[in-house]
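First up is the structure itself, then whatever we jot down about it.
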There are 4 protein chains.
Amino acid sequence: MIDYRSDNTGRAAPQILEALLRANHDTALGYGGDEWTASLQQRFSELFETAVRVFPVATGTAANALALASLGPSWGIVYCSEVAHINTAEANATGFFGGGTKLAAIGGEHGKIDVDLLAEALAGISPAQLHRGRPIAVSLTQATDLGAVYMLDEIRAVAEVAKRRGLKLHMDGARFANAVARLGCSPAEPTWRSGIDIMSFGATKNGGALCDAIVVFSPDLADGLAVQLRRAGQVWSKMRFASAQLIAYVENGLWLEMAGASNRIAARIAVGLRDIPAVRLLAPVEANEIFLELPSTAMDALEADGFQFYRRSSTLARFVCRFDTTEAEAAR
Amino acid sequence: MIDYRSDNTGRAAPQILEALLRANHDTALGYGGDEWTASLQQRFSELFETAVRVFPVATGTAANALALASLGPSWGIVYCSEVAHINTAEANATGFFGGGTKLAAIGGEHGKIDVDLLAEALAGISPAQLHRGRPIAVSLTQATDLGAVYMLDEIRAVAEVAKRRGLKLHMDGARFANAVARLGCSPAEPTWRSGIDIMSFGATKNGGALCDAIVVFSPDLADGLAVQLRRAGQVWSKMRFASAQLIAYVENGLWLEMAGASNRIAARIAVGLRDIPAVRLLAPVEANEIFLELPSTAMDALEADGFQFYRRSSTLARFVCRFDTTEAEAAR
Amino acid sequence: MIDYRSDNTGRAAPQILEALLRANHDTALGYGGDEWTASLQQRFSELFETAVRVFPVATGTAANALALASLGPSWGIVYCSEVAHINTAEANATGFFGGGTKLAAIGGEHGKIDVDLLAEALAGISPAQLHRGRPIAVSLTQATDLGAVYMLDEIRAVAEVAKRRGLKLHMDGARFANAVARLGCSPAEPTWRSGIDIMSFGATKNGGALCDAIVVFSPDLADGLAVQLRRAGQVWSKMRFASAQLIAYVENGLWLEMAGASNRIAARIAVGLRDIPAVRLLAPVEANEIFLELPSTAMDALEADGFQFYRRSSTLARFVCRFDTTEAEAAR
Amino acid sequence: MIDYRSDNTGRAAPQILEALLRANHDTALGYGGDEWTASLQQRFSELFETAVRVFPVATGTAANALALASLGPSWGIVYCSEVAHINTAEANATGFFGGGTKLAAIGGEHGKIDVDLLAEALAGISPAQLHRGRPIAVSLTQATDLGAVYMLDEIRAVAEVAKRRGLKLHMDGARFANAVARLGCSPAEPTWRSGIDIMSFGATKNGGALCDAIVVFSPDLADGLAVQLRRAGQVWSKMRFASAQLIAYVENGLWLEMAGASNRIAARIAVGLRDIPAVRLLAPVEANEIFLELPSTAMDALEADGFQFYRRSSTLARFVCRFDTTEAEAAR
């Protein structure tokens, strides 16, 4: 069997689990009052070249929904791509944690938010139209849910429209490592230097084990979030075991190394697909995911050959490469 | 320094972290579709001598609040001890996850719910009094938040009053292992055989690392809870790493061994305190916690001697023993 | 000025306000324990030819959101037309009262739900896909938000698809009177006899003053709703003044007489528009609303002539007839 | 029968219903865009001697819960008297509208908040104790739920403690008229001049019919509240009929005249009770409510004599005087 189902079916990087073992000595204050969590703040602040607050959380859904809930009142509207994970795959966690926050889907190519459509949607709600709710934030998925990557100027164009209206910016970075590896820039560039106020920093899909994180760039958001996280059951009492994972994840560039590996495998496969007339890429392969339009019979044949992948529809298949997907598997 | 601050300042049992490493091979379906999670269902069903559904969650707060939210509508009232963790220490997670669920505190000795006071409180709200809300559940903390343990007949007396009114029963088992070790009975006895519908099964405080669990005894509660957990950001995509911890936790009786150890240390200390006239136990030491009334100057002296513990008030101190608190530390 | 802005800009029927005065004698038990509210139950049960529970509420938004919240858990998905008031104009009250309920918009002609698109949407979420949420209900707007009216077989086709999946049916009847007047049938036909479980029964837009109602056809929904209404601040302590309005509203067929009047005015205008080449009706005029595509300059001219109406876009105008819009105004 | 059950069993003042009839002409913009609602803002601003925002709402529960929800995040704690209506009689509307806001009950005499107990409760939660939630507001009931009235210096003492901690102040003025009539001062004194940020302005219990109001003294609270009210189903589309009631209520001092009348009746009864040895007043009779401790047999006898009142317990009865309770009824 060759598993292209998801990057969450994979192993964790051994370095991350070893970090757990190394953290297992002596006693340490609970709920994040430990030295690992303090160190995590420092490492991520160095990584992002600015003072950030980092909150480890159990899942990407928690990261997204709690980050978004920190951005405005419960009657807020959050704009996102129509294929965004928060809109299609989190059982409306955003609505739940936000107390009735509404998601408004914006079209666009390759899972990106079309900046003109966003501007049009915002123009359609004047501040006096109370019955429409209140626009509060835009959420960008980087890399997108179709495997593409926002260029810096694309993020900034969205940010400009959003900020003009006083909106906050969230980045769903479930595959942020893949995007940074692709862009080849500092993590600061596609985030706070482009206007992002808060982000979901994914690790699980890229060799992590049991935690992701919320990274806060706008300091005024952090204190309220800290209480909300506690109440949301997202603050481990033995936090050191979460912080240690995240430290190991970024230590010595491990995260970008793993993301680079899965990106390369995906790119290699994409190249190989070019010459197959029956298949078509739904979006450019810029990270570690491949969305392929192909006949249903072709999917059957692939499964018969031992390939595992998700069928999104009768003619759309998703293949995801992991940090440890091998060249041999790609060649197949 | 001798650390009696909390059982969450401690290490994890090495067996639990090693289980993580052992689970780190091959690919496995995400979100609980893996073989470890399937195995977890079976192990816990054997442990509890009945078919249960087990949902690993990140924290005890998540376990409590989500379990309680599954027991009735958002206008429900949940009865608990006035010193219950859900009432004093979870930033009203129950109110949040329940959509406005109200906690009603009931008095009683040693952190237990007084069954007569409970009956009186329930009698005070007739079903026709819509403005009072609707009683839906009782939550018992076992071991209690003051270090005592409910006897089986005490649980059953509460259950009888609750069930007569159609209420569901929840057990906050953050220190369930300590209670079972003390009672020396099957885990089935103080739970479903005594009327418990759903429980928060704690592991973290007793040598666990990064997960606790919700154990569902009333099958009709499980399906809705499964969606709610997903939406609550409590379903790890790499669930195997959570399930493996919980399997290791109960394997070969590890959980009861660790709980027995911390109970014994606490009991030993309690015996030693008997002859000190200036101190008084707030509740019998039946698990691993010691609540001590003593002069503020005595607390100062203990701290000066290198003891770490929490001051609950100017005359009340809490000392918590861990599975790896040593005899030498106890002797001190 | 000739006011076609909305049916909520109009007067109340004098009979309804006079009923308030008539109810203002003696004392009466609060919160619905009065004789008017008891009488209301009976009148509406006669009207609908089945035993119903009627709950007066302040607004249509309250009626919709609270009715929908009674239909399932907070992780539910409610399907509605993409132009439904609940989706476009209630600041996501459904999400708020439901604790994070998600609205899913379904396309269709003239503000109706296309039954095939609904079936397709439901087929797209298998019960095992927890991350997608759980379909719980369909909400039909009758008359629709574009001024059309569902025929009985259209409602039943939607109901059949919904019930097959175990969904509940809600009707937003903000303009239910207009629909019934148009259909010329018993109010029972387009509601419970067509599968509707609960409805928002509008009065305000059709000559009412300060209340609408929730009418419950499925008895098991009523008890919970009664508590929720209390908690939602929708239970007047002097309920007699609300119930008296609703009794007067249906007394001697007043509601259908008023709806018939506004429908006739709208129909008359629609006939007059047929011969004007520059304008196009967006939907058939089957109730009291006219949605007109016309050049922006034509709108300017109408306003200059003293007509008041809402511009939905630069080329779409809405004209609404009230029960007391005169023939002379229509002729203009 | 002589009805002392509640002030909500009574009639409405004829002037208030007549105002409805007078408002029933021409068309008017919906949702508060009408001239009556504009006039209401002005009248209340004059009444309170400062610029206020007034939002009519259907019920006191809506007023309380929505006002409190505007005062801070969902993880907030609101302090109130243990007998406060918000704590005992609104089915936890505060928790619901606040998204999990917690009520913390503070003891005190006669339904007032004891300022020392409040200070102690606040001192018990340091800002660093995230697990305790975050204190955000204090709610004072004026007149209290036991029929007493806060003196100005009592309100200010509470305000001082609250403001020192950065808390907001809410007043539940379900019987505000009775308190003002008793104090004989400007409505400004016990409200914003004493630190109140927002209040529930009751009318229903004092001769009103179908609406109460939220009065906002701190301008920054109003804009968000306006959206929340819309979403909460508390914004009537024909708002003129609500605003007209509230204007009539305060016109020519009607509200204070009615409150003065019910206060006088209550005072007269209290004087008469002085010489009856078997009964004891639970609190001084300073408004229109009388809480009487008396033998159960005495209650039986009163009922046999045709008196209607509420039994709060086997030895506690509540008698409420209305604006139209007669001297003859009092003499009885």
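Ligands are numbered from 1 in the order shown, residues from 1 within each chain, and chains are lettered A, B, ... in the order they appear in the structure tokens.
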Counting only C-alpha atoms, chain D residues within 7 Å of chain A, as a JSON list (two decimals) with C-alpha atoms, in the first residue's frame:
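File selection15.json, as written:
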[["chain", "number", "residue", "atom", "x", "y", "z"],
["D", 75, "TRP", "CA", -15.35, 34.40, 30.03],
["D", 99, "GLY", "CA", -21.79, 32.84, 25.83],
["D", 130, "LEU", "CA", -6.90, 32.48, 34.41],
["D", 131, "HIS", "CA", -8.72, 29.37, 35.57],
["D", 133, "GLY", "CA", -12.37, 33.53, 34.80],
["D", 227, "VAL", "CA", -26.10, 44.70, 16.52],
["D", 228, "GLN", "CA", -26.52, 42.20, 19.31],
["D", 230, "ARG", "CA", -30.89, 42.85, 16.28]]
All residues 9 Å or closer to segment 144-146 of chain B, only C-alpha atoms, same chain fewer than 5 positions away omitted, as a PyMOL selection string: chain B and resi 81+83-85+110-112+172-173+175+179+282-285+287+289-291+318
Residues of segment 19-222 of chain D classed as strand (DSSP E) by DSSP on the backbone are to be reported as number ranges by chain. D: 53-57, 76-81, 102-106, 134-141, 168-173, 198-201, 212-216
When distances are computed from only C-alpha atoms, which of B:Ala65, B:Ala248, B:Ile2, B:Leu167 shows the smallest separation from Phe319 of chain B?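 Closest residue, counting only C-alpha atoms: B:Ile2.
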At a cut-off of 7 Å, using only C-alpha atoms, what residues contact Ala259 of chain B? Leave out same-chain residues fewer than 6 positions from it and give the result as an MDAnalysis selection string. chainID B and resid 177:178 181 206 323
Smallest atom-to-atom distance to Lys238 of chain C: which of D:Ala51, D:Leu221, D:Cys211, D:Ile276, using only C-alpha atoms?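 Smallest distance to Lys238 of chain C is found for D:Cys211.
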Quick one: residues within 8 Å of Trp36 of chain B, only C-alpha atoms counted, chain neighbours fewer than 4 positions away excluded, as a PDB file with N, CA and C atoms, in the first residue's frame?
ATOM      1  N   LEU B  40      -8.077   0.759  22.149  1.00  0.00           N
ATOM      2  CA  LEU B  40      -8.426   1.496  23.378  1.00  0.00           C
ATOM      3  C   LEU B  40      -9.876   1.221  23.789  1.00  0.00           C
ATOM      4  N   ARG B 240      -3.578   8.216  17.197  1.00  0.00           N
ATOM      5  CA  ARG B 240      -2.857   7.062  17.747  1.00  0.00           C
ATOM      6  C   ARG B 240      -1.950   7.445  18.911  1.00  0.00           C
ATOM      7  N   SER B 243      -4.243   7.670  21.988  1.00  0.00           N
ATOM      8  CA  SER B 243      -4.775   6.375  22.407  1.00  0.00           C
ATOM      9  C   SER B 243      -3.671   5.487  22.977  1.00  0.00           C
ATOM     10  N   ALA B 244      -2.495   5.561  22.366  1.00  0.00           N
ATOM     11  CA  ALA B 244      -1.380   4.744  22.865  1.00  0.00           C
ATOM     12  C   ALA B 244      -1.021   5.114  24.302  1.00  0.00           C
TER      13      ALA B 244
END
I'd like the interatomic distance between atom CA of Phe176 of chain B and atom CA of Leu117 of chain B, to a tenth of an Å.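 Atom-to-atom, atom CA of Phe176 of chain B and atom CA of Leu117 of chain B are spaced 24.2 Å apart.
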